[in-house]
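Asker: My questions will all concern the structure given below.
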Amino acid sequence: MPTLYDSTGYRVVLEWLALEGRHPFAFQEEAWEEIVKGNSGLVNAPTGCGKTFSVFLGAVIQFINSHPNDFRQKKDNGLLLLWITPLRALAKDIGRAMEEVVAALGMQWKIGIRNGDTDTAERSRQKKQMPEVLIITPESLHLLMAQKGYTQLFNKLTLVAVDEWHELLGSKRGVQVELAVSRIAGLCAYRNDDPRIAAFLPDDEPRLTEMGDERPPLQLWGISATIGNLEQAKEVLLAPLKKAGVIVRAQIRKNIEVESVIPDEIEKYPWAGHLGIKLADKVLPIIAQSRTTLIFINTRGMSELWYQKLLTIAPELAGAIALHHGSIERELRVWVEEALHSGTLKAVVCTASLDLGVDFRPVETVIQVGSPKGVARFLQRAGRSGHQPDAVSKIYFLPTHSLELMEAAALKEGIAENFIESRDPMTLCFDVLIQYLCTLAAGEGFRPARIFPEIKNTYCFSDITDAEWEEILYFITAGGNALRQYDEFKKVDIIDGIFTITSRRIAMRHRLHIGTIVSDAMLKVKFMSGGYIGVIEEYFISRLDPGTVFTLAGRNLELVMIKDMTVIVRKSNASKSIVPSWNGGRMPLSANLGRKLREKLNEAGERQLVKGKRRQTVDVEISALKPLFDLQSELSRVPRANELLIEQIETRDGFHLFVYPFEGRLVHEAMAAILAWRISKIVPITFSFAMNDYGFELLSDQPIPLDDSNVYELFSPDNLLADIQRSVNSTEMAKRKFRDIAVIGGLIFQGMPGEQKKARHLQSSASLLFSVFLEYEPNNLLLQQAYREVLAQQMEEVRLRNMLERVQASTIVITYPERLTPFCFPVKVDSMRENLSSEKLEDRVRRMQQQLEK
């Protein structure tokens with residue numbers, strides 16, 4: 001076998017790059033060499049450094065090497081490269097880049113795209129003649145496998161690439177990818193002269209290598225930005241191939257410049273969310289000095305506000321600024337992406353919808369509004385600017401309250417130390433497995449003896465037991481013990497040992513709902529005169545009366561009526577409107593960023609101790625926050641990295657206990673419930689809770705019995721699981737989680753397109769099933785999965801335990817301030833949000849600030 005460097009393919013690609021004035025990076029050549037050798041692995045490189053070409057051009061070189069004399073003439077070769085991508089928005093851009101390469105090399109390859117936006121005619125063309133490259137989402141890949149004859153599509157496949165693997169890992173979409181890869185690997189590992197029986201060959205069927213077949217074994221490559229557990233990410237991806245594989249790392253240090261936008265006046269009593277929009281004036285000079293700027297906002301609702309605000313204070317931006325988020329109609333989003341490509345837009349206000357890999361070359365500058373909650377996400381967004389390896393990525397951090405400036409300092413240090421978050425893979429997701437088996441049954445059917453080893457080869461299901469497997473099969477064929485009396489849960493029939501769905505109605509309903517992203521029902525928003533604007537969540541719009549004005553896609557819209565799952569609106573010139581809130585907008589602080597934040601607080605606290613001395617280098621953010629830290633130190637204490645600060649304060653509202661672990665909202669929510677329960681064992685007492693990413697509050701109408709004598713015991717990790725189950729309504733939380741599991745597992749039908757069931761109907765159906773399982777089948781796998789997911793995801797049990805173990809090794813400092821402190825003030829404001837509208841809340845908070853500063 002020729003090496004990369006003396007191969008025809010390498011020479012052809014190198015000549016083309018030279019004509020373009022480019023030269024491959026060392027990591028790209030390393031990836032090409034591994035692909036030419038027939039290896040699998042994971043490419044790790046910063047955003048904007050050519051990760052896509054590291055794998056795609058490897059496949060091109062491999063093809064040219066196999067057909068050195070006629071690679072330009074060969075066409076209709078069948079599917080050679082399957083490119084799995086997490087976002088539809090990425091597909092078009094990746095496809096465009098690939099087509100440019102293929103055209104420049106004079107090859108006859110076709111690049112196809114298959115996702116929810118692909119029209120029926122294009123899908124039919126693909127079925128008749130598959131393109132050489134197919135760019136596909138995980139959901140569409142499973143939909144492909146739900147078709148008759150799908151095994152034939154992978155006859156010529158030599159390479160599967162999973163783009164942005166770090167985004168898929170740790171999610172159920174990642175599990176979907178694992179299962180799809182396991183099936184493709186299973187097909188490619190066995191001779192498939194007759195594709196119709198490929199899935200049903202006996203166990204002693206000889207492998208390709210034993211038969212001397214020239215067809216190369218399947219190669220699998222992941223493409224990932226940096227994550228903390230890169231080795232594990234590779235292990236999870238390559239598990240179905242049973243190969244160790246290689247990691248190809250780009251030794252490119254991306255030059256990232258972070259600059260904080262410092263408010264003119266530091267509020268000593270900050271509160272979350274209100275400050276960002278007030279700093280909009282400081283954004284205008286940044287936009288003016290850059291060709292194109294991306295302004296990242298954490299939530300869709302706030303992105304609408306920012307877009308309106310920027311247009312109000314700078315009307316000259318009209319036509320040069322756009323809005324981009326997931327609820328805007330697809331055509332508008334595509335227009336924004338195209339305008340970014342051509343450089344016609346000056347600025348785009350966006351959410352995570354523009355987070356990933358789309359190559360917007362003209363973007364010079366990125367502004368992050370509010371905390372990104374993690375180092376990896378901040379790096380990802382920073383990489384959107386200066387989207388070339390040697391360019392400086394410039395990102396501005398704009399705080400939404402003054403304390404967030406500490407996170408900017410923490411982020412800088414996290415980036416400098418490459419302190420990147422890990423993404424933990426999911427295990428034993430039985431709901432996804434049930435959906436997958438029904439997908440295979442809706443297609444060509446499957447034999448359990450053939451499919452079970454493939455499933456066990458995945459990382460997610462490597463520990464599945466024979467008993468669990470039998471229970472899953474019994475569940476899809478008979479409904480399990482609890483539901484076996486009901487025909488609607490008997491989906492799969494067994495014919496001659498093959499598990500298959502014979503009912504066209506069940507197969508159609510299953511294909512309609514393949515996927516693992518479960519959200520509240522989305523309603524389309526349409527003008528009375530015609531034309532779609534976007535989508536809105538049912539729970540938000542159901543609270544509005546006709547005539548109410550709300551904002552979507554940067555426009556003020558008056559609600560006329562809701563008809564057939566469509567929101568009918570007309571344009572409005574009203575000066576005030578309601579900004580939609582979407583569920584799932586609040587991400588918790590990552591463990592890595594929390595740790596860096598505690599270290600920065602340590603530095604701030606040491607400065608308070610030695611006021612006469614200054615460190616050699618002091619973060620500009622810590623210097624700016626000096627008035628706030630001075631007041632915090634005067635009233636209470638600035639905690640060190642090895643301290644847990646607890647503040648006990650008495651006000652007119654009652655007795656407050658504020659605790660500051662800096663571990664993120666979810667951990668604090670769980671800890672507040674556990675602490676309240678443990679205190680209630682000492683004395684009968686009731687509490688109300690509030691929390692943010694920095695700490696939490698317990699409020700009672702009587703003194704709280706926590707002091708030096710019992711505080712370590714109250715924060716003990718002993719009996720944690722039992723205390724979690726006693727302190728929170730874990731059954732109610734599991735019931736909510738079960739809704740998503742039941743939808744993914746196909747227990748609940750969401751309705752036909754345009755006739756989706758309302759969220760409350762789905763929840764009531766899920767609650768009924770949950771109660772049935774609880775009473776008649778308490779060991780049901782989906783029921784147990786719901787409890788597991790509540791612990792792992794909503795309670796973050798592992799992180800909670802780690803936090804308590806850290807506290808045990810720390811010094812717990814209890815202070816008794818005479819009034820609210822700068823640290824507790826934002827937590828207190830969060831506790832008031834539930835009962836007050838945003839305008840009333842702002843007035844109340846302003847009065848509180850004035851009283852505290854007297």
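Every chain in the structure tokens takes a letter, A first, then B, and so on in the order presented; its residues are numbered from 1, and the ligands are numbered from 1 following the presented order.
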Do a neighbour search on Glu29 of chain A at 12 Å with only C-alpha atoms, toss out local chain neighbours closer than 2 positions, and write the hits as a ChimeraX atom specification.

Answerer: /A:3-5,10-11,13-14,23-27,31-36,43,50-51,53-58,61,248-250

Asker: If you run DSSP over the backbone, which residues in segment 385-616 of chain A end up alpha helix (DSSP H)? Put them as number ranges by chain.

Answerer: A: 405-416, 430-442, 448-457, 466-478, 480-483, 504-512, 538-541, 591-609

Asker: Residues within 12 Å of Gly343 of chain A, please, as a PyMOL selection string. Count only C-alpha atoms; anything in the same chain fewer than 3 positions from it doesn't count.

Answerer: chain A and resi 290-293+320-321+336-340+346-348+360-364

Asker: Any idea what's packed within 7 Å of segment 678-686 of chain A, counting only C-alpha atoms, ignoring anything in its chain fewer than 3 positions away? Could you give it as an NGL selection string?

Answerer: :A and (674-675 or 700 or 714)

Asker: Would you save the residues of that selection, restricted to N, CA and C atoms, as a JSON list (two decimals), in the first residue's frame?

Answerer:
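After the write, again-v5.json holds the following:
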[["chain", "number", "residue", "atom", "x", "y", "z"],
["A", 674, "ILE", "N", -32.47, 19.47, 50.27],
["A", 674, "ILE", "CA", -31.86, 18.53, 51.23],
["A", 674, "ILE", "C", -31.59, 19.23, 52.56],
["A", 675, "LEU", "N", -31.02, 20.44, 52.50],
["A", 675, "LEU", "CA", -30.71, 21.18, 53.72],
["A", 675, "LEU", "C", -31.98, 21.50, 54.50],
["A", 700, "SER", "N", -37.48, 31.41, 56.30],
["A", 700, "SER", "CA", -38.47, 30.86, 57.24],
["A", 700, "SER", "C", -39.00, 32.00, 58.11],
["A", 714, "LEU", "N", -24.88, 18.96, 58.67],
["A", 714, "LEU", "CA", -25.94, 19.33, 57.73],
["A", 714, "LEU", "C", -25.46, 19.30, 56.28]]

Asker: Mind checking which residues fall within 8 Å of segment 809-812 of chain A, counting only C-alpha atoms, ignoring those fewer than 3 positions away in the same chain, and posting them as a ChimeraX atom specification?

Answerer: /A:642-646,711-712,805-806

Asker: If you measure from atom CA of Leu179 of chain A to atom CA of Cys438 of chain A, what distance in Å do you get, rounded to one decimal?

Answerer: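 If I compute the distance from atom CA of Leu179 of chain A to atom CA of Cys438 of chain A, I get 12.7 Å.
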
Asker: Need the shell around Ala314 of chain A: protein/DNA/RNA residues with any atom at most 12 Å away, counting only C-alpha atoms. Skip same-chain ones fewer than 2 positions apart. Format as JSON, numbers by chain?

Answerer: {"A": [280, 281, 282, 283, 284, 285, 287, 288, 306, 307, 308, 309, 310, 311, 312, 316, 317, 318, 319, 320, 321]}

Asker: Taking all heavy atoms for each residue, export the selection above as a compact mmCIF listing (two decimals), in the first residue's frame.

Answerer:
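Okay, out27.txt is ready:
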# COMPACT_ATOMS: atom_id res chain seq x y z
N ALA A 280 -26.39 48.57 25.99
CA ALA A 280 -26.49 48.47 24.53
C ALA A 280 -25.70 49.58 23.83
O ALA A 280 -25.13 49.36 22.76
CB ALA A 280 -27.96 48.50 24.11
N ASP A 281 -25.66 50.77 24.43
CA ASP A 281 -24.91 51.88 23.83
C ASP A 281 -23.44 51.53 23.65
O ASP A 281 -22.79 52.00 22.71
CB ASP A 281 -25.03 53.14 24.70
CG ASP A 281 -26.41 53.77 24.58
OD1 ASP A 281 -26.92 53.80 23.45
OD2 ASP A 281 -26.96 54.21 25.60
N LYS A 282 -22.91 50.72 24.57
CA LYS A 282 -21.49 50.36 24.48
C LYS A 282 -21.21 49.34 23.37
O LYS A 282 -20.06 49.09 23.01
CB LYS A 282 -21.01 49.80 25.83
CG LYS A 282 -20.95 50.86 26.94
CD LYS A 282 -20.36 50.29 28.21
CE LYS A 282 -20.21 51.36 29.28
NZ LYS A 282 -19.13 52.31 28.99
N VAL A 283 -22.28 48.75 22.84
CA VAL A 283 -22.13 47.77 21.76
C VAL A 283 -21.97 48.47 20.41
O VAL A 283 -21.30 47.96 19.51
CB VAL A 283 -23.36 46.82 21.74
CG1 VAL A 283 -23.41 45.99 20.48
CG2 VAL A 283 -23.31 45.91 22.97
N LEU A 284 -22.58 49.65 20.27
CA LEU A 284 -22.57 50.34 18.98
C LEU A 284 -21.16 50.63 18.45
O LEU A 284 -20.90 50.37 17.26
CB LEU A 284 -23.38 51.64 19.06
CG LEU A 284 -24.88 51.46 19.36
CD1 LEU A 284 -25.57 52.81 19.41
CD2 LEU A 284 -25.54 50.56 18.31
N PRO A 285 -20.22 51.14 19.27
CA PRO A 285 -18.86 51.36 18.74
C PRO A 285 -18.18 50.07 18.29
O PRO A 285 -17.41 50.07 17.33
CB PRO A 285 -18.10 51.98 19.93
CG PRO A 285 -19.15 52.49 20.85
CD PRO A 285 -20.33 51.61 20.65
N ILE A 287 -19.72 47.40 17.04
CA ILE A 287 -20.30 47.07 15.74
C ILE A 287 -19.70 47.95 14.64
O ILE A 287 -19.37 47.48 13.55
CB ILE A 287 -21.84 47.23 15.78
CG1 ILE A 287 -22.46 46.20 16.73
CG2 ILE A 287 -22.45 47.10 14.39
CD1 ILE A 287 -23.96 46.37 16.97
N ALA A 288 -19.54 49.24 14.96
CA ALA A 288 -19.06 50.21 13.96
C ALA A 288 -17.64 49.89 13.50
O ALA A 288 -17.31 50.04 12.31
CB ALA A 288 -19.12 51.62 14.53
N TRP A 306 -32.95 42.49 22.50
CA TRP A 306 -31.71 43.14 22.06
C TRP A 306 -31.84 43.67 20.63
O TRP A 306 -31.37 44.76 20.32
CB TRP A 306 -30.54 42.15 22.17
CG TRP A 306 -29.81 42.29 23.46
CD1 TRP A 306 -30.08 41.65 24.62
CD2 TRP A 306 -28.70 43.16 23.72
NE1 TRP A 306 -29.21 42.05 25.60
CE2 TRP A 306 -28.36 42.97 25.09
CE3 TRP A 306 -27.98 44.05 22.96
CZ2 TRP A 306 -27.31 43.67 25.69
CZ3 TRP A 306 -26.93 44.75 23.56
CH2 TRP A 306 -26.61 44.56 24.89
N TYR A 307 -32.44 42.89 19.77
CA TYR A 307 -32.62 43.31 18.38
C TYR A 307 -33.43 44.61 18.32
O TYR A 307 -33.05 45.57 17.64
CB TYR A 307 -33.30 42.19 17.60
CG TYR A 307 -33.61 42.54 16.16
CD1 TYR A 307 -32.60 42.62 15.21
CD2 TYR A 307 -34.91 42.79 15.76
CE1 TYR A 307 -32.88 42.94 13.89
CE2 TYR A 307 -35.22 43.11 14.44
CZ TYR A 307 -34.19 43.18 13.52
OH TYR A 307 -34.47 43.51 12.21
N GLN A 308 -34.52 44.62 19.07
CA GLN A 308 -35.38 45.82 19.09
C GLN A 308 -34.63 47.02 19.68
O GLN A 308 -34.71 48.14 19.17
CB GLN A 308 -36.65 45.54 19.92
CG GLN A 308 -37.56 44.48 19.34
CD GLN A 308 -38.47 45.02 18.24
OE1 GLN A 308 -38.26 46.13 17.75
NE2 GLN A 308 -39.47 44.25 17.86
N LYS A 309 -33.90 46.78 20.76
CA LYS A 309 -33.18 47.86 21.44
C LYS A 309 -32.13 48.48 20.52
O LYS A 309 -32.01 49.72 20.43
CB LYS A 309 -32.53 47.32 22.71
CG LYS A 309 -31.72 48.35 23.50
CD LYS A 309 -32.60 49.37 24.18
CE LYS A 309 -31.82 50.30 25.08
NZ LYS A 309 -32.68 51.31 25.72
N LEU A 310 -31.35 47.64 19.83
CA LEU A 310 -30.30 48.16 18.95
C LEU A 310 -30.89 48.97 17.80
O LEU A 310 -30.34 49.99 17.40
CB LEU A 310 -29.44 47.01 18.42
CG LEU A 310 -28.51 46.36 19.44
CD1 LEU A 310 -27.85 45.11 18.86
CD2 LEU A 310 -27.44 47.34 19.93
N LEU A 311 -32.03 48.53 17.28
CA LEU A 311 -32.68 49.29 16.21
C LEU A 311 -33.24 50.61 16.72
O LEU A 311 -33.25 51.61 16.01
CB LEU A 311 -33.81 48.46 15.59
CG LEU A 311 -33.40 47.49 14.48
CD1 LEU A 311 -34.60 46.71 13.97
CD2 LEU A 311 -32.74 48.22 13.32
N THR A 312 -33.68 50.61 17.99
CA THR A 312 -34.24 51.84 18.58
C THR A 312 -33.15 52.89 18.78
O THR A 312 -33.35 54.06 18.46
CB THR A 312 -34.91 51.51 19.94
OG1 THR A 312 -35.94 50.54 19.71
CG2 THR A 312 -35.54 52.76 20.55
N GLU A 316 -30.09 53.71 12.09
CA GLU A 316 -29.32 53.59 10.85
C GLU A 316 -28.89 52.15 10.57
O GLU A 316 -28.44 51.81 9.47
CB GLU A 316 -28.08 54.50 10.90
CG GLU A 316 -27.01 54.11 11.92
CD GLU A 316 -27.28 54.66 13.33
OE1 GLU A 316 -28.39 55.20 13.56
OE2 GLU A 316 -26.38 54.56 14.18
N LEU A 317 -29.02 51.26 11.60
CA LEU A 317 -28.67 49.85 11.40
C LEU A 317 -29.76 49.07 10.67
O LEU A 317 -29.56 47.90 10.33
CB LEU A 317 -28.39 49.18 12.75
CG LEU A 317 -27.04 49.49 13.42
CD1 LEU A 317 -26.98 48.88 14.81
CD2 LEU A 317 -25.87 49.02 12.57
N ALA A 318 -30.92 49.68 10.47
CA ALA A 318 -32.02 48.99 9.78
C ALA A 318 -31.53 48.48 8.42
O ALA A 318 -30.95 49.22 7.63
CB ALA A 318 -33.19 49.95 9.60
N GLY A 319 -31.75 47.20 8.18
CA GLY A 319 -31.27 46.59 6.94
C GLY A 319 -29.87 46.03 7.04
O GLY A 319 -29.47 45.20 6.21
N ALA A 320 -29.11 46.48 8.06
CA ALA A 320 -27.73 46.00 8.22
C ALA A 320 -27.60 45.09 9.43
O ALA A 320 -26.53 44.54 9.69
CB ALA A 320 -26.77 47.18 8.38
N ILE A 321 -28.70 44.95 10.19
CA ILE A 321 -28.68 44.08 11.37
C ILE A 321 -29.82 43.07 11.24
O ILE A 321 -30.89 43.40 10.70
CB ILE A 321 -28.82 44.91 12.68
CG1 ILE A 321 -28.62 44.00 13.91
CG2 ILE A 321 -30.13 45.65 12.75
CD1 ILE A 321 -28.51 44.78 15.21

Asker: With only C-alpha atoms as the counted atoms, please give the residues lying no more than 9 Å from Ile541 of chain A, apart from itself and same-chain residues fewer than 5 positions off, as an NGL selection string.

Answerer: :A and (523 or 536 or 559 or 562 or 567 or 580)

Asker: Run DSSP on the backbone of this structure and report the residues of segment 628-808 of chain A it assigns to strand (DSSP E or B), as number ranges by chain.

Answerer: A: 643-651, 654-660, 688-691, 696-700

Asker: Just checking: using only C-alpha atoms, which residue out of A:Arg799, A:Arg509, A:Lys268, A:Arg377 ends up closest to Lys626 of chain A?

Answerer: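 For Lys626 of chain A, the nearest of the given residues is A:Lys268.
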
Asker: Between A:Leu635, A:Ala482, A:Ile434, A:Ile266, which has the minimum distance to Thr400 of chain A (counting only C-alpha atoms)?

Answerer: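 Once distances to Thr400 of chain A are computed over only C-alpha atoms, the minimum belongs to A:Ile266.
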
Asker: In Å, with one decimal, what is the gap from atom CA of His325 of chain A to atom CA of Gly554 of chain A?

Answerer: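 For atom CA of His325 of chain A relative to atom CA of Gly554 of chain A, the distance reads 10.7 Å.
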
Asker: Counting only C-alpha atoms, figure out which residue out of A:Ile455, A:Val60, A:Lys735, A:Gln73 gets nearest to Val133 of chain A.

Answerer: A:Val60

Asker: Hey, which of A:Asp830, A:Glu178, A:Asp93, A:Asp424 ends up closest to Pro138 of chain A? Count only C-alpha atoms.

Answerer: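 Between A:Asp830, A:Glu178, A:Asp93, A:Asp424, the residue approaching Pro138 of chain A most closely is A:Glu178.
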